[in-house]
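Below is one structure, written out as structure tokens; the observations come after it.
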Amino acid sequence: MAAAVGMGQQWVLVEMVQAFYEAPAYHLILEGILILWIIRLLFSKTYKLQERSDLTPKEKEELIEEWQPEPLVPSVSKDHPALNYSVVSGPPSHKIIVNGKECINFASFNFLGLLDNERVKNAAQESLKKYGVGTCGPRGFYGTFDVHLELEDRLAKFMRTEESIIYSYGFATIASAIPAYSKRGDIVFVDEAACFAIQKGLQASRSNIKLFKHNDMADLERLLKEQEIEDQKNPRKACVTRRFILVEGLYMNTGDICPLPELIKLKYKYKVRIFLEESLSFGVLGEHGRGVTEHFGINVDDIDLISANMENSLASIGGFCCGRSFVIDHQRLSGQGYCFSASLPPLLAAAAIEALNIMEENPDIFQILQEKCKRIHKALQRISGLIVVGESLSPALHLQLEETSGSRENDMKLLKRIVDYCMNRSIALTQARYLDKEEKCLPPPSIRVVVTVEQTEEELDKAASIIREAAQSVLN
């Protein structure tokens with residue numbers, strides 16, 4: 001047996017030697033190079049020690065003295081607009097006192113004139129006597145008051161949805177709602193003109209963001225088709241990926257109304273969810289002020305989530321989301337602004353309830369506001385050097401330079417001179433403010449003109465006339 005094994009080993013060696021002689025020359029050269037490379041790797045050092053020279057204590061001290069740390073924040077000019085704000089004395093209602101000068105208010109988002117309304121103030125005062133100033137706790141930790149539940153019930157009934165949820169800070173409403181539903185790996189199709197609160201919510205969600213051109217349904221459908229093709233390549237991933245379309249009812253940065261009927265068609269065609277941000281359109285559009293859904297006659301059940309703040313038409317603070325009960329209840333567990341912020345002060349909840357009462361009792365107020373919006377929109381047309389941006393129904397219009405000076409800073413200075421000219425003539429306007437380095441798609445500089453029901457036709461015409469004079473004085 002041992003002899004047979006020995007014969008087998010000898011035969012293997014003979015075969016190896018024979019194969020070596022029969023192998024092509026290039027094969028032998030390649031194997032030789034590989035063997036030499038392996039030997040080199042085995043015996044060479046994996047790194048080289050860098051030469052170093054120890055510094056003397058004196059040299060170390062000199063280097064430490066020369067070192068200059070980077071500034072914690074970038075340097076800002078003392079004349080930056082954010083550091084030179086106007087000071088308001090008294091309520092920013094129809095008339096506003098700015099830096100000691102009384103002006104007609106075309107700057108505050110007090111669309112329905114409820115900020116200084118006696119009924120609203122009396123409701124807030126009664127609530128103040130009953131509940132005190134604040135809440136000192138989130139909703140889940142003894143921060144839920146009966147007035148909060150009443151406001152949520154009233155908002156749900158007003159919007160004709162199953163349920164609503166209120167937040168104590170308007171900006172945090174949509175910024176908290178988005179990451180409550182959309183997570184890493186999910187896809188959000190969002191209009192490039194979306195407001196900053198939406199942008200922060202998207203950033204917090206860490207979702208895959210796909211921007212489409214402003215109000216361009218063809219571009220949105222192109223992105224939806226591309227995603228449909230991608231989903232077909234990986235069906236397993238597509239089954240667990242949620243897809244959302246996120247738009248504003250009335251865009252803060254442009255004053256445009258979203259084409260909601262077309263969005264609904266795309267929703268059902270490509271099986272995506274729609275989130276609708278209505279901070280500017282709530283209490284403005286529609287026969288009863290219910291927003292863009294009522295404006296277009298869209299069934300509210302076709303929208304998966306509606307959000308809005310209460311800081312414009314309701315003249316209060318905070319915001320709300322409304323929709324189906326199972327959708328809203330999820331925010332009570334996952335909405336960061338709801339779970340971790342102190343709840344809305346009861347006096348502000350009571351003020352919002354009374355504002356809702358006034359809206360329901362006076363549905364004609366929305367038609368009055370819309371007529372005044374149309375009047376100022378028409379009056380501001382054909383001003384030399386300026387263009388009007390926004391729908392005729394928007395209570396917040398933008399005036400942009402017809403031709404840029406080539407520098408954003410210079411453009412803002414020109415618009416500031418127009419604002420100052422109007423202020424000196426008792427018309428209070430404001431420039432639209434943006435965080436230039438944070439905005440995803442930075443809008444052009446503009447002056448914002450805000451319309452309210454309290455402004456008379458004479459005041460609207462006067463404002464348009466003074467703006468025209470200011471443009472001629474500054475730009476020509």
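Each chain of the structure tokens is named A, B, ... in the order shown, its residues numbered from 1; ligands are numbered from 1 in display order.
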
Sel. of strand (DSSP E) residues, stretch 142-362 of chain A, as a ChimeraX atom specification
/A:163-167,187-191,208-212,243-248,273-277,305-309,319-323

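With only C-alpha atoms as the atoms that count, the residue of A:Glu65, A:Asn253, A:Thr430, A:Ala180 with the shortest distance to A:Phe196 is A:Asn253.
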
Best match for closeness to A:Ala342 among A:Thr144, A:Glu22, A:Lys210, A:Thr241, counting only C-alpha atoms
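Looking only at the distances to A:Ala342, the closest residue turns out to be A:Thr144.
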
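Considering the residues A:Ser446, A:Ser207, A:Leu112, A:Lys440 and counting only C-alpha atoms, A:Gln370 has its shortest atom-to-atom contact with A:Leu112.
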
Which residues are near A:Ile198? Cut-off 10 Å, only C-alpha atoms, ignore same chain within fewer than 6 positions. Put them as number ranges by chain.
A: 171-178, 190, 204, 246-248, 277

A:Asn424, A:Ser384, A:Asn312, A:Thr161 ranked by distance to A:Val327, top pick (using only C-alpha atoms)
A:Thr161

Residue neighbourhood A:Lys121, 10 Å, only C-alpha atoms, exclusion window fewer than 2 positions, as a VMD selection string
chain A and resid 114 to 119 123 to 127 347 to 348 350 to 351 354 to 355

Restricted to C-alpha atoms, what would the selected residues look like written as a compact mmCIF listing (two decimals), in the first residue's frame?
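Result file follows (selection-v6.txt):
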# COMPACT_ATOMS: atom_id res chain seq x y z
CA LEU A 114 -58.45 89.85 13.10
CA LEU A 115 -55.23 90.72 14.91
CA ASP A 116 -56.74 93.71 16.73
CA ASN A 117 -60.34 92.47 16.65
CA GLU A 118 -62.18 93.15 19.93
CA ARG A 119 -63.91 89.77 20.03
CA ALA A 123 -61.59 85.72 24.15
CA ALA A 124 -57.82 85.75 24.75
CA GLN A 125 -58.22 87.85 27.92
CA GLU A 126 -60.86 85.52 29.36
CA SER A 127 -58.62 82.55 28.64
CA LEU A 347 -55.03 82.24 25.32
CA LEU A 348 -53.79 81.83 21.72
CA ALA A 350 -58.96 80.66 22.48
CA ALA A 351 -58.11 83.53 20.12
CA GLU A 354 -62.92 83.05 18.15
CA ALA A 355 -61.26 83.89 14.83

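For A:Arg433, the non-local neighbours within 10 Å, defined as residues at least 4 positions apart in the same chain or in other chains and counting only C-alpha atoms, are Pro81, Ala82, Asn253, Pro443, Pro445, Ser446, Ile447 and Arg448 of chain A.
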
The selected residues should be written to file as a PDB file, in the first residue's frame (atoms: N, CA, C and O atoms).
ATOM      1  N   PRO A  81     -29.150  94.012   6.792  1.00  0.00           N
ATOM      2  CA  PRO A  81     -30.563  94.244   7.138  1.00  0.00           C
ATOM      3  C   PRO A  81     -31.024  93.515   8.390  1.00  0.00           C
ATOM      4  O   PRO A  81     -31.849  94.038   9.149  1.00  0.00           O
ATOM      5  N   ALA A  82     -30.499  92.303   8.615  1.00  0.00           N
ATOM      6  CA  ALA A  82     -30.941  91.533   9.778  1.00  0.00           C
ATOM      7  C   ALA A  82     -30.512  92.176  11.091  1.00  0.00           C
ATOM      8  O   ALA A  82     -31.101  91.903  12.146  1.00  0.00           O
ATOM      9  N   ASN A 253     -43.214  82.151  -1.772  1.00  0.00           N
ATOM     10  CA  ASN A 253     -42.116  82.816  -2.476  1.00  0.00           C
ATOM     11  C   ASN A 253     -42.492  83.355  -3.849  1.00  0.00           C
ATOM     12  O   ASN A 253     -41.714  84.098  -4.450  1.00  0.00           O
ATOM     13  N   PRO A 443     -34.837  82.584  -4.315  1.00  0.00           N
ATOM     14  CA  PRO A 443     -35.660  83.473  -5.150  1.00  0.00           C
ATOM     15  C   PRO A 443     -34.960  84.812  -5.378  1.00  0.00           C
ATOM     16  O   PRO A 443     -34.103  85.216  -4.580  1.00  0.00           O
ATOM     17  N   PRO A 445     -34.398  88.876  -5.319  1.00  0.00           N
ATOM     18  CA  PRO A 445     -34.813  89.872  -4.319  1.00  0.00           C
ATOM     19  C   PRO A 445     -36.153  90.492  -4.701  1.00  0.00           C
ATOM     20  O   PRO A 445     -36.448  90.668  -5.893  1.00  0.00           O
ATOM     21  N   SER A 446     -36.950  90.823  -3.709  1.00  0.00           N
ATOM     22  CA  SER A 446     -38.273  91.377  -4.007  1.00  0.00           C
ATOM     23  C   SER A 446     -38.792  92.193  -2.834  1.00  0.00           C
ATOM     24  O   SER A 446     -38.309  92.071  -1.703  1.00  0.00           O
ATOM     25  N   ILE A 447     -39.780  93.033  -3.136  1.00  0.00           N
ATOM     26  CA  ILE A 447     -40.562  93.735  -2.117  1.00  0.00           C
ATOM     27  C   ILE A 447     -41.884  92.992  -1.993  1.00  0.00           C
ATOM     28  O   ILE A 447     -42.510  92.662  -3.001  1.00  0.00           O
ATOM     29  N   ARG A 448     -42.298  92.718  -0.761  1.00  0.00           N
ATOM     30  CA  ARG A 448     -43.562  92.018  -0.556  1.00  0.00           C
ATOM     31  C   ARG A 448     -44.654  93.025  -0.227  1.00  0.00           C
ATOM     32  O   ARG A 448     -44.474  93.886   0.646  1.00  0.00           O
TER      33      ARG A 448
END

Quick one: residues within 8 Å of A:Ala308, only C-alpha atoms, excluding same-chain residues fewer than 5 positions away - as JSON, numbers by chain?
{"A": [170, 173, 174, 277, 278, 279, 280, 282, 319, 320, 321]}

Report the distance between atom CA of A:Arg242 and atom CA of A:Val272 in Å, rounded to one decimal place.
7.7 Å

Pick out the residues sitting within 8 Å of A:Asn105, and hand them over as a ChimeraX atom specification; count only C-alpha atoms, and ignore anything fewer than 5 positions along from it in its own chain.
/A:92-96,427-429

Go through A:Arg243, A:Lys213, A:Arg417, A:Arg154 one by one, measure the shortest atom-to-atom distance of each to A:Ala471 using only C-alpha atoms, and give the residue with the smallest value.
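Under the stated criterion, the closest residue is A:Arg417.
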
What does the distance from atom CA of A:Leu333 to atom CA of A:Ser164 come to in Å, to one decimal?
14.0 Å

Atom CA of A:Ile165 sits from atom CA of A:Leu393 at a separation of 27.9 Å
